[in-house]
$ cat structure.txt   # compact mmCIF, C-alpha atoms and all ligand atoms
# COMPACT_ATOMS: atom_id res chain seq x y z
CA MET D 1 -6.04 14.89 -1.20
CA VAL D 2 -6.25 13.00 -4.50
CA LYS D 3 -3.34 13.62 -6.86
CA ILE D 4 -4.35 15.08 -10.23
CA ASP D 5 -1.80 13.91 -12.79
CA ASN D 6 -3.12 15.84 -15.74
CA LEU D 7 -5.39 18.89 -15.54
CA VAL D 8 -6.92 20.17 -18.75
CA LEU D 9 -8.73 23.52 -18.53
CA SER D 10 -10.99 24.51 -21.37
CA LYS D 11 -14.21 26.25 -22.26
CA ARG D 12 -16.59 23.67 -20.89
CA LYS D 13 -19.29 23.58 -18.27
CA THR D 14 -18.64 20.39 -16.33
CA ILE D 15 -15.77 18.54 -14.69
CA THR D 16 -14.95 15.07 -15.94
CA LEU D 17 -12.53 12.61 -14.39
CA VAL D 18 -10.78 9.89 -16.35
CA VAL D 19 -8.56 7.22 -14.83
CA GLU D 20 -6.19 6.31 -17.66
CA ALA D 21 -4.98 2.80 -18.43
CA ASP D 22 -1.75 3.49 -16.54
CA GLY D 23 -3.72 4.53 -13.45
CA SER D 24 -3.04 8.26 -13.79
CA LEU D 25 -5.89 10.71 -13.29
CA THR D 26 -6.90 13.20 -15.97
CA VAL D 27 -9.29 15.97 -14.97
CA ARG D 28 -11.03 18.19 -17.50
CA ALA D 29 -12.52 21.29 -16.01
CA PRO D 30 -13.96 24.68 -16.99
CA LYS D 31 -11.35 27.42 -17.37
CA GLY D 32 -12.79 29.81 -14.78
CA LEU D 33 -12.96 27.33 -11.92
CA SER D 34 -10.47 27.71 -9.05
CA ARG D 35 -7.91 24.98 -8.37
CA LYS D 36 -9.33 24.63 -4.90
CA ARG D 37 -12.83 23.99 -6.18
CA ILE D 38 -11.57 21.46 -8.74
CA GLN D 39 -9.57 19.65 -6.04
CA ALA D 40 -12.65 19.56 -3.80
CA VAL D 41 -14.74 17.97 -6.55
CA VAL D 42 -11.99 15.44 -7.25
CA ASP D 43 -11.56 14.63 -3.55
CA GLU D 44 -15.27 13.88 -3.26
CA LYS D 45 -14.74 11.14 -5.83
CA ALA D 46 -11.72 9.66 -4.05
CA GLY D 47 -13.41 6.29 -3.51
CA TRP D 48 -14.43 5.92 -7.15
CA ILE D 49 -10.96 6.99 -8.34
CA ALA D 50 -9.21 4.54 -6.01
CA GLU D 51 -11.39 1.71 -7.32
CA LYS D 52 -10.65 2.55 -10.96
CA GLN D 53 -6.95 2.87 -10.18
CA ALA D 54 -6.96 -0.52 -8.48
CA VAL D 55 -8.50 -2.07 -11.61
CA ALA D 56 -5.96 -0.29 -13.86
CA GLN D 57 -3.22 -1.60 -11.59
CA ARG D 58 -4.41 -5.19 -11.93
CA LEU D 59 -4.58 -4.95 -15.71
CA LYS D 60 -1.11 -3.46 -16.03
CA PRO D 61 1.62 -5.71 -17.46
CA PRO D 62 4.17 -6.85 -14.87
CA LEU D 63 6.80 -4.28 -14.02
CA ARG D 64 9.61 -6.73 -13.67
CA ARG D 65 11.34 -9.41 -15.60
CA TYR D 66 13.33 -10.57 -12.60
CA GLU D 67 16.61 -9.93 -14.29
CA ALA D 68 19.77 -9.40 -12.30
CA GLY D 69 20.07 -5.80 -11.16
CA GLU D 70 16.33 -5.13 -10.87
CA MET D 71 15.35 -3.60 -7.56
CA LEU D 72 12.98 -5.07 -5.00
CA LEU D 73 11.44 -3.17 -2.09
CA PHE D 74 11.66 -4.23 1.51
CA LEU D 75 10.61 -1.94 4.38
CA GLY D 76 10.86 1.12 2.19
CA GLN D 77 14.34 0.42 0.83
CA GLU D 78 15.28 -0.86 -2.59
CA TYR D 79 17.66 -3.79 -2.91
CA PRO D 80 19.08 -5.35 -6.07
CA LEU D 81 18.16 -8.83 -7.23
CA LEU D 82 20.94 -11.26 -8.11
CA ARG D 83 20.39 -14.43 -10.15
CA PRO D 84 23.23 -16.80 -9.24
CA GLU D 85 23.58 -20.23 -10.84
CA GLY D 86 21.09 -22.76 -9.59
CA GLU D 87 17.73 -24.34 -10.23
CA SER D 88 15.70 -23.93 -7.09
CA CYS D 89 13.10 -21.24 -6.51
CA ARG D 90 14.24 -20.35 -3.03
CA VAL D 91 14.69 -16.60 -2.66
CA THR D 92 17.04 -15.39 0.04
CA PHE D 93 17.94 -11.93 1.31
CA ASP D 94 21.32 -11.23 2.86
CA GLY D 95 20.54 -7.75 4.15
CA LYS D 96 21.95 -6.08 1.05
CA ARG D 97 20.55 -8.02 -1.88
CA PHE D 98 18.00 -10.58 -2.91
CA LEU D 99 19.23 -13.82 -4.43
CA MET D 100 17.13 -16.04 -6.66
CA PRO D 101 18.67 -18.94 -8.60
CA ALA D 102 18.85 -18.24 -12.35
CA GLY D 103 16.95 -21.41 -13.24
CA CYS D 104 13.86 -20.59 -11.19
CA ALA D 105 10.89 -20.84 -13.53
CA ASP D 106 8.40 -19.05 -11.28
CA PRO D 107 10.09 -15.84 -10.12
CA VAL D 108 6.85 -14.15 -9.07
CA GLY D 109 5.78 -17.11 -6.95
CA ALA D 110 9.27 -17.42 -5.48
CA CYS D 111 9.38 -13.75 -4.49
CA GLU D 112 5.86 -13.88 -3.11
CA ALA D 113 6.84 -16.82 -0.91
CA TRP D 114 9.76 -14.80 0.44
CA TYR D 115 7.57 -11.73 1.09
CA ARG D 116 4.89 -13.81 2.81
CA ALA D 117 7.43 -15.27 5.22
CA ALA D 118 9.01 -11.85 5.78
CA ALA D 119 5.58 -10.29 6.36
CA ARG D 120 4.73 -12.91 8.94
CA ARG D 121 7.99 -12.29 10.78
CA VAL D 122 7.87 -8.49 10.62
CA LEU D 123 4.18 -8.13 11.39
CA GLN D 124 4.22 -10.63 14.23
CA GLU D 125 6.91 -8.55 15.86
CA ARG D 126 5.28 -5.14 15.18
CA VAL D 127 1.77 -6.24 16.16
CA ALA D 128 2.95 -7.86 19.40
CA LYS D 129 5.03 -4.82 20.31
CA LEU D 130 2.47 -2.14 19.42
CA ALA D 131 -0.43 -4.08 20.95
CA SER D 132 1.35 -4.47 24.28
CA GLN D 133 2.61 -0.89 24.21
CA HIS D 134 -0.94 0.47 23.78
CA GLY D 135 -2.87 -2.17 25.72
CA PHE D 136 -4.67 -3.95 22.89
CA THR D 137 -5.47 -7.64 22.88
CA TYR D 138 -6.03 -9.46 19.62
CA LYS D 139 -6.79 -13.06 18.74
CA LYS D 140 -4.65 -13.91 15.78
CA LEU D 141 -2.63 -12.60 12.93
CA ARG D 142 -3.21 -13.58 9.34
CA ILE D 143 -1.16 -12.75 6.25
CA SER D 144 -3.26 -12.21 3.12
CA GLY D 145 -2.54 -11.56 -0.54
CA ALA D 146 -4.88 -8.57 -0.82
CA ARG D 147 -3.86 -6.07 -3.46
CA THR D 148 -5.43 -2.84 -2.33
CA ARG D 149 -6.39 -3.53 1.25
CA TRP D 150 -3.35 -3.23 3.48
CA GLY D 151 -4.99 -4.59 6.57
CA SER D 152 -8.28 -5.51 8.18
CA CYS D 153 -9.66 -6.43 11.57
CA SER D 154 -12.51 -8.91 11.97
CA THR D 155 -15.15 -8.64 14.67
CA SER D 156 -13.68 -11.77 16.23
CA GLY D 157 -10.33 -9.99 16.69
CA THR D 158 -8.32 -11.49 13.83
CA LEU D 159 -5.93 -9.00 12.28
CA SER D 160 -5.08 -9.48 8.61
CA PHE D 161 -2.31 -7.81 6.69
CA THR D 162 -1.28 -8.26 3.09
CA TRP D 163 2.28 -9.48 2.53
CA ARG D 164 2.73 -6.46 0.21
CA LEU D 165 2.73 -4.23 3.27
CA VAL D 166 6.35 -5.10 4.13
CA MET D 167 7.44 -3.28 0.99
CA ALA D 168 6.39 -0.04 2.72
CA PRO D 169 8.62 1.94 5.13
CA PRO D 170 8.48 1.00 8.84
CA ALA D 171 6.44 4.10 9.79
CA ALA D 172 3.80 3.20 7.19
CA VAL D 173 3.72 -0.41 8.42
CA ASP D 174 3.22 0.78 11.99
CA TYR D 175 0.42 3.10 10.90
CA VAL D 176 -1.48 0.21 9.28
CA VAL D 177 -0.91 -1.99 12.35
CA LEU D 178 -2.18 0.73 14.71
CA HIS D 179 -5.12 1.49 12.40
CA GLU D 180 -6.21 -2.15 12.61
CA LEU D 181 -5.59 -2.34 16.36
CA ALA D 182 -7.78 0.76 16.80
CA HIS D 183 -10.57 -1.17 15.06
CA ILE D 184 -10.66 -3.59 18.00
CA ASP D 185 -12.38 -0.86 20.04
CA HIS D 186 -14.02 0.92 17.08
CA PRO D 187 -15.16 -1.50 14.38
CA ASN D 188 -15.94 1.39 11.99
CA HIS D 189 -14.43 4.58 10.57
CA SER D 190 -16.35 6.92 12.88
CA PRO D 191 -14.92 10.23 14.12
CA ALA D 192 -14.12 8.46 17.42
CA PHE D 193 -12.10 5.88 15.51
CA TRP D 194 -10.08 8.55 13.68
CA GLN D 195 -9.54 10.43 16.91
CA ARG D 196 -8.06 7.28 18.42
CA VAL D 197 -5.88 6.78 15.35
CA GLY D 198 -4.72 10.39 15.71
CA GLU D 199 -3.65 9.69 19.30
CA LEU D 200 -1.80 6.54 18.28
CA VAL D 201 -0.24 7.95 15.11
CA PRO D 202 -0.03 11.75 15.28
CA ASP D 203 1.14 11.95 11.64
CA TYR D 204 -1.43 9.49 10.31
CA LYS D 205 -2.52 11.95 7.60
CA ASP D 206 1.00 11.86 6.16
CA GLN D 207 0.87 8.08 6.21
CA LEU D 208 -2.47 8.06 4.38
CA LYS D 209 -0.95 10.39 1.82
CA TRP D 210 2.06 8.13 1.49
CA PHE D 211 -0.13 5.13 0.69
CA HIS D 212 -2.14 7.19 -1.72
CA GLN D 213 0.97 8.22 -3.62
CA HIS D 214 3.03 5.05 -3.37
CA GLY D 215 0.59 2.22 -2.64
CA ALA D 216 0.38 1.15 -6.28
CA ALA D 217 4.15 0.60 -6.35
CA LEU D 218 4.01 -2.00 -3.57
CA ARG D 219 3.79 -4.90 -5.96
CA LEU D 220 5.88 -7.56 -7.63
ZN ZN C 1 -10.03 0.81 8.78
$ encode --input "structure.txt" --output "structure tokens"
Amino acid sequence: MVKIDNLVLSKRKTITLVVEADGSLTVRAPKGLSRKRIQAVVDEKAGWIAEKQAVAQRLKPPLRRYEAGEMLLFLGQEYPLLRPEGESCRVTFDGKRFLMPAGCADPVGACEAWYRAAARRVLQERVAKLASQHGFTYKKLRISGARTRWGSCSTSGTLSFTWRLVMAPPAAVDYVVLHELAHIDHPNHSPAFWQRVGELVPDYKDQLKWFHQHGAALRL
């Protein structure tokens, strides 16, 4: 179900959808129409809305200034960033906080490098474990920088996941991994594919909802 951020009911005949610059969704609809009907119309446009929101997301100014005390996400938890003395751009994480030397001139690049390495480590472990647990064989694992696509599975059996995925909670990470593993047998989004996903991840609808609501926040 697509989240409607702002619903404006008035004396009008049609429904219009506007994705605002901040990515929020404004819906203008005729007064007499039921909420259910409005939601159904909006849900039909989910693909279009997601695309517009992805564009709005890309055009948004950066959220962070990488100052001490700002929070960074890792596996669904927020941890503070510290900027100790130093010049290098090597980010480290001690289990409680992120450390990035104060003199680092490329904080985004430095954080991305840390997330890429973390994603490789975490996803290698989760993919190997979940694949063996459910009897899947895959060729290789690739870490991408995709912004709105959390994972993909090529016909040759290469699984790709964006490094941003490790900002999400473990259950959401596992859902994406199992979704891509299910594509090994079903290279499509057919009912059979979703049935398989439902067997692998009984609460997959909650996970989809989670990504819908929080996906845009998985960014530097
Ligand atoms: Zn898919």
$ closest_atom_pairs --input "structure.txt" --of "chain D" --to "ligand ZN 1 (chain C)" --cutoff "10 Å" --atoms "all atoms listed in the file" --output "Markdown table"
| residue | atom | partner | partner_atom | distance |
| --- | --- | --- | --- | --- |
| D:Arg149 | CA | C:ZN1 | ZN | 9.4 |
| D:Trp150 | CA | C:ZN1 | ZN | 9.4 |
| D:Gly151 | CA | C:ZN1 | ZN | 7.7 |
| D:Ser152 | CA | C:ZN1 | ZN | 6.6 |
| D:Cys153 | CA | C:ZN1 | ZN | 7.8 |
| D:Val176 | CA | C:ZN1 | ZN | 8.6 |
| D:Leu178 | CA | C:ZN1 | ZN | 9.8 |
| D:His179 | CA | C:ZN1 | ZN | 6.1 |
| D:Glu180 | CA | C:ZN1 | ZN | 6.2 |
| D:Leu181 | CA | C:ZN1 | ZN | 9.3 |
| D:Ala182 | CA | C:ZN1 | ZN | 8.3 |
| D:His183 | CA | C:ZN1 | ZN | 6.6 |
| D:His186 | CA | C:ZN1 | ZN | 9.2 |
| D:Pro187 | CA | C:ZN1 | ZN | 7.9 |
| D:Asn188 | CA | C:ZN1 | ZN | 6.8 |
| D:His189 | CA | C:ZN1 | ZN | 6.1 |
| D:Ser190 | CA | C:ZN1 | ZN | 9.7 |
| D:Phe193 | CA | C:ZN1 | ZN | 8.7 |
| D:Trp194 | CA | C:ZN1 | ZN | 9.2 |
| D:Val197 | CA | C:ZN1 | ZN | 9.8 |
$ atom_distance --input "structure.txt" --atom1 "CA of Cys104 in chain D" --atom2 "CA of Arg83 in chain D"
9.0 Å
$ residues_around --input "structure.txt" --residues "Gln207 in chain D" --least-positions-apart "5" --cutoff "8 Å" --atoms "all atoms listed in the file" --output "PyMOL selection string"
chain D and resi 171-172+175
$ closest_residue --input "structure.txt" --among "D:Thr148, D:Phe98, D:Gly76, D:Arg142" --to "Lys52 in chain D" --atoms "only C-alpha atoms"
D:Thr148
$ closest_residue --input "structure.txt" --among "D:Arg97, D:Arg120, D:Lys205, D:Arg35" --to "Ile4 in chain D" --atoms "all atoms listed in the file"
D:Arg35
